[in-house]
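Enquirer: start_26.cif is reproduced below (mmCIF, C-alpha atoms).
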data_upload
#
loop_
_atom_site.group_PDB
_atom_site.id
_atom_site.type_symbol
_atom_site.label_atom_id
_atom_site.label_comp_id
_atom_site.auth_asym_id
_atom_site.auth_seq_id
_atom_site.Cartn_x
_atom_site.Cartn_y
_atom_site.Cartn_z
ATOM 1 C CA MET F 30 -16.917 5.375 11.217
ATOM 2 C CA ARG F 31 -16.762 2.571 8.716
ATOM 3 C CA TRP F 32 -14.284 0.971 6.400
ATOM 4 C CA THR F 33 -14.698 -1.737 3.804
ATOM 5 C CA ILE F 34 -12.460 -4.140 1.935
ATOM 6 C CA ALA F 35 -12.601 -4.585 -1.828
ATOM 7 C CA ALA F 36 -10.745 -7.752 -2.749
ATOM 8 C CA ILE F 37 -8.504 -7.719 -5.814
ATOM 9 C CA MET F 38 -6.354 -10.814 -6.053
ATOM 10 C CA LEU F 39 -3.543 -10.869 -8.610
ATOM 11 C CA VAL F 40 -1.406 -13.981 -8.446
ATOM 12 C CA ALA F 41 0.454 -16.039 -11.011
ATOM 13 C CA CYS F 42 0.159 -19.757 -10.461
ATOM 14 C CA GLY F 43 3.240 -21.877 -10.147
ATOM 15 C CA GLY F 44 3.755 -25.120 -12.038
ATOM 16 C CA GLY F 45 1.885 -28.211 -10.938
ATOM 17 C CA THR F 46 3.352 -31.196 -9.139
ATOM 18 C CA PRO F 47 3.939 -34.283 -11.339
ATOM 19 C CA GLN F 48 1.640 -37.195 -10.550
ATOM 20 C CA PRO F 49 3.292 -40.390 -9.263
ATOM 21 C CA LYS F 50 3.472 -43.356 -11.593
ATOM 22 C CA HIS F 51 1.466 -46.428 -10.633
ATOM 23 C CA GLU F 52 3.377 -49.692 -10.902
ATOM 24 C CA ASP F 53 1.757 -53.078 -11.277
ATOM 25 C CA THR F 54 4.098 -54.571 -8.686
ATOM 26 C CA ALA F 55 4.944 -53.370 -5.202
ATOM 27 C CA PRO F 56 8.478 -52.028 -4.632
ATOM 28 C CA THR F 57 11.020 -54.461 -3.225
ATOM 29 C CA ALA F 58 12.796 -53.914 0.059
ATOM 30 C CA THR F 59 15.825 -52.538 -1.785
ATOM 31 C CA GLU F 60 13.814 -49.924 -3.681
ATOM 32 C CA THR F 61 13.430 -46.410 -2.291
ATOM 33 C CA THR F 62 10.711 -43.860 -3.023
ATOM 34 C CA ALA F 63 12.065 -40.428 -3.993
ATOM 35 C CA PRO F 64 10.093 -37.368 -2.792
ATOM 36 C CA MET F 65 7.929 -35.750 -5.436
ATOM 37 C CA PRO F 66 9.481 -32.509 -6.677
ATOM 38 C CA VAL F 67 7.689 -29.170 -6.338
ATOM 39 C CA VAL F 68 8.206 -26.965 -9.366
ATOM 40 C CA HIS F 69 8.998 -23.387 -8.340
ATOM 41 C CA GLN F 70 8.307 -20.485 -10.641
ATOM 42 C CA GLU F 71 8.648 -16.772 -9.981
ATOM 43 C CA LEU F 72 5.166 -16.592 -8.481
ATOM 44 C CA GLY F 73 3.011 -19.199 -6.819
ATOM 45 C CA SER F 74 -0.641 -19.379 -5.819
ATOM 46 C CA ILE F 75 -2.285 -18.366 -2.545
ATOM 47 C CA ASP F 76 -5.710 -19.060 -1.046
ATOM 48 C CA ASP F 77 -7.771 -15.953 -1.807
ATOM 49 C CA ARG F 78 -10.459 -16.699 0.756
ATOM 50 C CA ALA F 79 -7.878 -17.242 3.494
ATOM 51 C CA VAL F 80 -6.227 -13.944 2.567
ATOM 52 C CA SER F 81 -9.580 -12.142 2.799
ATOM 53 C CA ASN F 82 -10.140 -13.673 6.236
ATOM 54 C CA LYS F 83 -6.738 -12.405 7.340
ATOM 55 C CA PHE F 84 -7.607 -8.880 6.208
ATOM 56 C CA GLN F 85 -10.858 -9.159 8.130
ATOM 57 C CA ASP F 86 -8.869 -10.170 11.208
ATOM 58 C CA LEU F 87 -6.886 -6.951 10.823
ATOM 59 C CA SER F 88 -10.022 -4.788 10.971
ATOM 60 C CA ILE F 89 -9.464 -3.746 14.588
ATOM 61 C CA GLN F 90 -5.931 -2.590 13.810
ATOM 62 C CA PHE F 91 -7.069 -0.735 10.677
ATOM 63 C CA GLU F 92 -9.780 1.019 12.677
ATOM 64 C CA ALA F 93 -7.209 2.039 15.278
ATOM 65 C CA CYS F 94 -5.131 3.616 12.489
ATOM 66 C CA GLN F 95 -8.227 5.443 11.281
ATOM 67 C CA LYS F 96 -9.120 6.743 14.756
ATOM 68 C CA ALA F 97 -5.596 8.057 15.271
ATOM 69 C CA ALA F 98 -5.789 9.891 11.935
ATOM 70 C CA LEU F 99 -9.175 11.395 12.770
ATOM 71 C CA LYS F 100 -7.733 12.983 15.919
ATOM 72 C CA ARG F 101 -5.304 14.917 13.727
ATOM 73 C CA LEU F 102 -7.494 15.248 10.631
ATOM 74 C CA PRO F 103 -11.224 15.240 11.467
ATOM 75 C CA TYR F 104 -12.004 15.122 7.728
ATOM 76 C CA PHE F 105 -9.792 12.059 7.109
ATOM 77 C CA SER F 106 -11.310 9.746 4.454
ATOM 78 C CA GLY F 107 -10.560 8.050 1.159
ATOM 79 C CA THR F 108 -9.377 4.758 -0.290
ATOM 80 C CA VAL F 109 -6.065 2.952 -0.169
ATOM 81 C CA LYS F 110 -4.764 -0.023 -2.155
ATOM 82 C CA PHE F 111 -2.000 -2.205 -0.757
ATOM 83 C CA PHE F 112 0.418 -4.411 -2.656
ATOM 84 C CA LEU F 113 2.278 -7.134 -0.819
ATOM 85 C CA ARG F 114 4.493 -10.033 -1.723
ATOM 86 C CA VAL F 115 4.100 -13.061 0.507
ATOM 87 C CA GLY F 116 6.939 -15.565 0.840
ATOM 88 C CA GLU F 117 6.502 -19.322 0.999
ATOM 89 C CA ASP F 118 6.816 -19.106 4.780
ATOM 90 C CA GLY F 119 3.692 -16.919 4.953
ATOM 91 C CA LYS F 120 5.605 -13.773 5.889
ATOM 92 C CA THR F 121 5.403 -10.452 4.073
ATOM 93 C CA LYS F 122 8.564 -9.987 2.005
ATOM 94 C CA TRP F 123 7.681 -6.427 1.088
ATOM 95 C CA ASP F 124 4.647 -4.199 0.759
ATOM 96 C CA TYR F 125 3.713 -0.683 -0.200
ATOM 97 C CA VAL F 126 0.797 1.632 -0.901
ATOM 98 C CA GLU F 127 -0.034 1.225 -4.586
ATOM 99 C CA SER F 128 -2.704 3.931 -4.689
ATOM 100 C CA SER F 129 -4.308 6.140 -2.068
ATOM 101 C CA THR F 130 -6.503 9.187 -1.562
ATOM 102 C CA LEU F 131 -6.114 9.212 2.236
ATOM 103 C CA GLY F 132 -3.486 11.932 2.293
ATOM 104 C CA ASP F 133 -1.867 10.751 5.524
ATOM 105 C CA TYR F 134 1.415 8.843 5.620
ATOM 106 C CA ASP F 135 1.089 8.066 9.324
ATOM 107 C CA ALA F 136 -2.190 6.230 8.743
ATOM 108 C CA GLU F 137 -0.832 4.442 5.678
ATOM 109 C CA ARG F 138 2.306 3.402 7.570
ATOM 110 C CA CYS F 139 0.192 2.239 10.514
ATOM 111 C CA MET F 140 -1.752 -0.088 8.227
ATOM 112 C CA LEU F 141 1.388 -1.379 6.516
ATOM 113 C CA ASP F 142 2.813 -2.231 9.936
ATOM 114 C CA ALA F 143 -0.289 -4.288 10.683
ATOM 115 C CA ILE F 144 0.035 -6.101 7.350
ATOM 116 C CA GLU F 145 3.716 -6.837 7.908
ATOM 117 C CA GLY F 146 3.012 -8.340 11.318
ATOM 118 C CA THR F 147 0.485 -10.841 9.986
ATOM 119 C CA ALA F 148 1.095 -14.530 9.294
ATOM 120 C CA TRP F 149 -0.400 -15.057 5.833
ATOM 121 C CA PRO F 150 -1.494 -18.331 4.203
ATOM 122 C CA LYS F 151 1.564 -20.076 2.804
ATOM 123 C CA PRO F 152 1.678 -19.852 -1.017
ATOM 124 C CA ILE F 153 2.198 -22.964 -3.126
ATOM 125 C CA GLY F 154 4.892 -23.104 -5.783
ATOM 126 C CA GLY F 155 6.665 -19.848 -4.928
ATOM 127 C CA ASP F 156 6.024 -16.375 -3.561
ATOM 128 C CA ALA F 157 2.607 -14.842 -4.216
ATOM 129 C CA THR F 158 1.424 -11.267 -4.679
ATOM 130 C CA VAL F 159 -1.705 -9.832 -3.101
ATOM 131 C CA GLU F 160 -3.574 -6.574 -3.670
ATOM 132 C CA ARG F 161 -6.381 -5.256 -1.475
ATOM 133 C CA ASP F 162 -8.428 -2.053 -1.313
ATOM 134 C CA LEU F 163 -9.723 -0.414 1.862
ATOM 135 C CA SER F 164 -12.254 2.408 1.923
ATOM 136 C CA PHE F 165 -12.730 4.835 4.804
ATOM 137 C CA ASP F 166 -15.991 6.739 4.756
ATOM 138 C CA PRO F 167 -15.978 10.445 5.635
ATOM 139 C CA GLY F 168 -17.393 11.276 9.034
ATOM 140 C CA ASP F 169 -19.624 14.169 9.984
ATOM 141 C CA ALA F 170 -16.848 16.726 9.737
ATOM 142 C CA ARG F 171 -16.867 19.240 6.916
ATOM 143 C CA GLN F 172 -14.749 17.944 4.050
ATOM 144 C CA PRO F 173 -11.803 20.016 2.745
ATOM 145 C CA ALA F 174 -11.982 21.891 -0.528
ATOM 146 C CA ASP F 175 -10.971 19.811 -3.525
ATOM 147 C CA TRP F 176 -8.037 21.511 -5.249
ATOM 148 C CA ASP F 177 -7.027 20.936 -8.844
ATOM 149 C CA PRO F 178 -3.323 19.990 -9.246
ATOM 150 C CA ASP F 179 -2.789 23.219 -11.181
ATOM 151 C CA LYS F 180 -3.300 25.070 -7.901
ATOM 152 C CA VAL F 181 0.097 23.849 -6.664
ATOM 153 C CA ALA F 182 1.935 23.589 -9.997
ATOM 154 C CA ALA F 183 3.918 26.793 -9.463
ATOM 155 C CA THR F 184 5.007 25.699 -5.980
ATOM 156 C CA LEU F 185 6.134 22.314 -7.262
ATOM 157 C CA GLY F 186 8.053 23.972 -10.070
ATOM 158 C CA LYS F 187 9.934 26.261 -7.670
ATOM 159 C CA ASN F 188 10.902 23.286 -5.514
ATOM 160 C CA LYS F 189 11.577 20.786 -8.286
ATOM 161 C CA LYS F 190 15.232 20.345 -7.297
ATOM 162 C CA GLU F 191 14.383 19.265 -3.737
ATOM 163 C CA LEU F 192 11.642 16.909 -4.898
ATOM 164 C CA ASP F 193 13.844 15.402 -7.602
ATOM 165 C CA LYS F 194 16.357 14.325 -4.957
ATOM 166 C CA CYS F 195 13.756 11.851 -3.728
ATOM 167 C CA VAL F 196 12.270 10.841 -7.068
ATOM 168 C CA SER F 197 15.582 10.345 -8.891
ATOM 169 C CA ALA F 198 16.613 7.673 -6.368
ATOM 170 C CA ALA F 199 13.927 5.411 -7.879
ATOM 171 C CA PRO F 200 13.946 6.423 -11.562
ATOM 172 C CA ASN F 201 11.550 3.715 -12.722
ATOM 173 C CA ALA F 202 8.942 4.356 -10.044
ATOM 174 C CA LYS F 203 5.882 6.553 -10.255
ATOM 175 C CA PHE F 204 4.552 8.541 -7.311
ATOM 176 C CA GLN F 205 1.127 9.943 -6.510
ATOM 177 C CA VAL F 206 0.958 12.451 -3.678
ATOM 178 C CA THR F 207 -2.127 13.519 -1.723
ATOM 179 C CA ALA F 208 -1.818 16.416 0.705
ATOM 180 C CA TYR F 209 -3.963 18.465 3.058
ATOM 181 C CA VAL F 210 -3.196 22.200 3.050
ATOM 182 C CA ALA F 211 -4.368 24.317 5.985
ATOM 183 C CA PRO F 212 -4.483 28.117 6.341
ATOM 184 C CA HIS F 213 -1.251 29.522 7.762
ATOM 185 C CA GLY F 214 -1.044 33.308 7.738
ATOM 186 C CA LYS F 215 -1.022 34.534 4.158
ATOM 187 C CA ASN F 216 0.068 31.124 2.872
ATOM 188 C CA GLY F 217 -0.944 27.510 3.154
ATOM 189 C CA LYS F 218 0.780 24.890 5.290
ATOM 190 C CA VAL F 219 0.925 21.190 4.413
ATOM 191 C CA VAL F 220 -0.383 19.447 7.530
ATOM 192 C CA SER F 221 -0.478 15.911 6.180
ATOM 193 C CA VAL F 222 0.852 13.973 3.183
ATOM 194 C CA GLY F 223 0.245 10.512 1.772
ATOM 195 C CA VAL F 224 2.281 8.925 -1.021
ATOM 196 C CA ALA F 225 1.492 5.983 -3.275
ATOM 197 C CA THR F 226 4.080 4.359 -5.505
ATOM 198 C CA SER F 227 4.345 1.792 -8.272
ATOM 199 C CA SER F 228 7.177 -0.375 -6.983
ATOM 200 C CA LYS F 229 9.234 -1.730 -4.104
ATOM 201 C CA GLU F 230 12.051 0.663 -5.063
ATOM 202 C CA GLY F 231 9.672 3.589 -4.952
ATOM 203 C CA ALA F 232 8.495 2.609 -1.478
ATOM 204 C CA ALA F 233 11.998 3.281 -0.164
ATOM 205 C CA GLN F 234 11.619 6.957 -1.190
ATOM 206 C CA VAL F 235 8.183 7.628 0.283
ATOM 207 C CA GLN F 236 9.447 9.115 3.561
ATOM 208 C CA CYS F 237 11.773 11.418 1.618
ATOM 209 C CA ILE F 238 8.855 12.692 -0.467
ATOM 210 C CA VAL F 239 6.630 13.158 2.576
ATOM 211 C CA ASP F 240 9.272 15.299 4.286
ATOM 212 C CA ALA F 241 9.939 17.327 1.125
ATOM 213 C CA VAL F 242 6.260 18.072 0.481
ATOM 214 C CA LYS F 243 5.613 19.026 4.111
ATOM 215 C CA ALA F 244 8.330 21.661 3.797
ATOM 216 C CA LEU F 245 6.626 23.393 0.844
ATOM 217 C CA LYS F 246 5.005 26.802 1.249
ATOM 218 C CA MET F 247 1.643 26.351 -0.462
ATOM 219 C CA PRO F 248 -0.943 28.897 -1.612
ATOM 220 C CA SER F 249 -3.528 29.811 1.009
ATOM 221 C CA PRO F 250 -6.686 27.667 0.937
ATOM 222 C CA GLY F 251 -8.682 30.493 2.489
ATOM 223 C CA SER F 252 -10.394 29.919 5.812
ATOM 224 C CA TYR F 253 -10.613 26.108 5.649
ATOM 225 C CA PRO F 254 -8.201 23.317 4.590
ATOM 226 C CA ALA F 255 -7.954 21.988 1.058
ATOM 227 C CA LYS F 256 -7.008 18.572 -0.309
ATOM 228 C CA VAL F 257 -4.892 18.181 -3.438
ATOM 229 C CA ALA F 258 -3.400 15.265 -5.360
ATOM 230 C CA PHE F 259 -0.548 15.429 -7.865
ATOM 231 C CA ALA F 260 1.970 13.139 -9.563
ATOM 232 C CA LEU F 261 5.732 13.223 -9.256
#
Please render this file's structure as structure tokens.

Expert:
Amino acid sequence: MRWTIAAIMLVACGGGTPQPKHEDTAPTATETTAPMPVVHQELGSIDDRAVSNKFQDLSIQFEACQKAALKRLPYFSGTVKFFLRVGEDGKTKWDYVESSTLGDYDAERCMLDAIEGTAWPKPIGGDATVERDLSFDPGDARQPADWDPDKVAATLGKNKKELDKCVSAAPNAKFQVTAYVAPHGKNGKVVSVGVATSSKEGAAQVQCIVDAVKALKMPSPGSYPAKVAFAL
């Protein structure tokens, strides 16, 4: 199995530090030197190379998340993009899955836990934002059928009220759902769900969406699982 990192760094630089003035004469014993101020803006800057090294250090943990997913979903594969905000102390203030085709919340949550437990390079001039992509190659297992979103449109429509309970709690957020549907009698059963969102507020509703989608009675995929992605 193999995974790769695609680095995408999006940070806004904070203001610079004023340069000290050079005097022709040395300060007297009664003069004091004031500390140079650091100008804080909404976002600061962070060392991109150091961040990449930190993600590389997390490779063992990411692979463990992948192996756990493969035990449940032998066809597990796809890409995931993380968004995190790093505080000036080097700790993760918040993070979430910004986009994903993995279709497995447990694996996505496992990776977020690893990210949250990491000591990041300390930003300069304020908090910094980081985005990173990970890709997980498909193994030797047969891949699921690729369903068009229209295949589940009727099911989503019938259960719109239940889904809206989750979505309406973060009205400005967007959600992208990826699900695996396995044969289950005459119908299809959702065996795994992954959810990507566009904001911190949306991240708080991901578990709600996962639970709601898992409860849906889907069309039968036939004799082998299918994979479908749709927006909420």

Enquirer: Do you have the CA of Ala79 (chain F)-CA of Ser106 (chain F) distance handy?

Expert: 27.2 Å

Enquirer: Find the residue from F:Ala174, F:Ala225, F:Val159, F:Ala183 that sits nearest to Val210 (chain F); use all atoms listed in the file when measuring.

Expert: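 Looking only at the distances to Val210 (chain F), the closest residue turns out to be F:Ala174.
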
Enquirer: Restricting the calculation to all atoms listed in the file, which member of F:Pro167, F:Pro152, F:Gly132, F:Pro200 is positioned closest to Lys243 (chain F)?

Expert: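 Closest to Lys243 (chain F), using all atoms listed in the file: F:Gly132.
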
Enquirer: Pick the closest to Ile75 (chain F) from F:Ala182, F:Ala157, F:Ala260, F:Leu99: which is it, counting only C-alpha atoms?

Expert: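 Counting only C-alpha atoms, the residue closest to Ile75 (chain F) is F:Ala157.
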
Enquirer: Show which residues sit within 8 Å of Glu127 (chain F), as a ChimeraX atom specification. Count only C-alpha atoms, and ignore same-chain residues fewer than 5 positions away.

Expert: /F:109-112,225-228

Enquirer: Mind dumping the selected residues with C-alpha atoms as a JSON list (two decimals), in the frame of the given file?

Expert:
[["chain", "number", "residue", "atom", "x", "y", "z"],
["F", 109, "VAL", "CA", -6.06, 2.95, -0.17],
["F", 110, "LYS", "CA", -4.76, -0.02, -2.15],
["F", 111, "PHE", "CA", -2.00, -2.20, -0.76],
["F", 112, "PHE", "CA", 0.42, -4.41, -2.66],
["F", 225, "ALA", "CA", 1.49, 5.98, -3.28],
["F", 226, "THR", "CA", 4.08, 4.36, -5.50],
["F", 227, "SER", "CA", 4.34, 1.79, -8.27],
["F", 228, "SER", "CA", 7.18, -0.38, -6.98]]

Enquirer: Show me, as a PDB file with C-alpha atoms, keeping the file's coordinate frame, the residues that have an atom within 10 Å of Ser252 (chain F) when counting all atoms listed in the file, minus same-chain residues fewer than 3 positions from it.

Expert:
ATOM      1  CA  ALA F 211      -4.368  24.317   5.985  1.00  0.00           C
ATOM      2  CA  PRO F 212      -4.483  28.117   6.341  1.00  0.00           C
ATOM      3  CA  HIS F 213      -1.251  29.522   7.762  1.00  0.00           C
ATOM      4  CA  SER F 249      -3.528  29.811   1.009  1.00  0.00           C
ATOM      5  CA  ALA F 255      -7.954  21.988   1.058  1.00  0.00           C
TER       6      ALA F 255
END

Enquirer: Which is closer to Glu92 (chain F) than all the others in F:Asp77, F:Asp175, F:Asp193, F:Glu137, using all atoms listed in the file?

Expert: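 Result for the nearest residue to Glu92 (chain F): F:Glu137.
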
Enquirer: Can you work out which one of F:Thr207, F:Gln90, F:Ser221, F:Ser81 has the shortest atom-to-atom distance to Glu160 (chain F), counting all atoms listed in the file?

Expert: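 The answer is F:Ser81, which sits nearest to Glu160 (chain F).
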
Enquirer: Lys215 (chain F): which residues within 10 Å, counting all atoms listed in the file, same-chain residues fewer than 4 positions away excluded, as a compact mmCIF listing (two decimals) with C-alpha atoms, in the coordinates of the input?

Expert:
# COMPACT_ATOMS: atom_id res chain seq x y z
CA MET F 247 1.64 26.35 -0.46
CA PRO F 248 -0.94 28.90 -1.61
CA SER F 249 -3.53 29.81 1.01
CA PRO F 250 -6.69 27.67 0.94
CA GLY F 251 -8.68 30.49 2.49
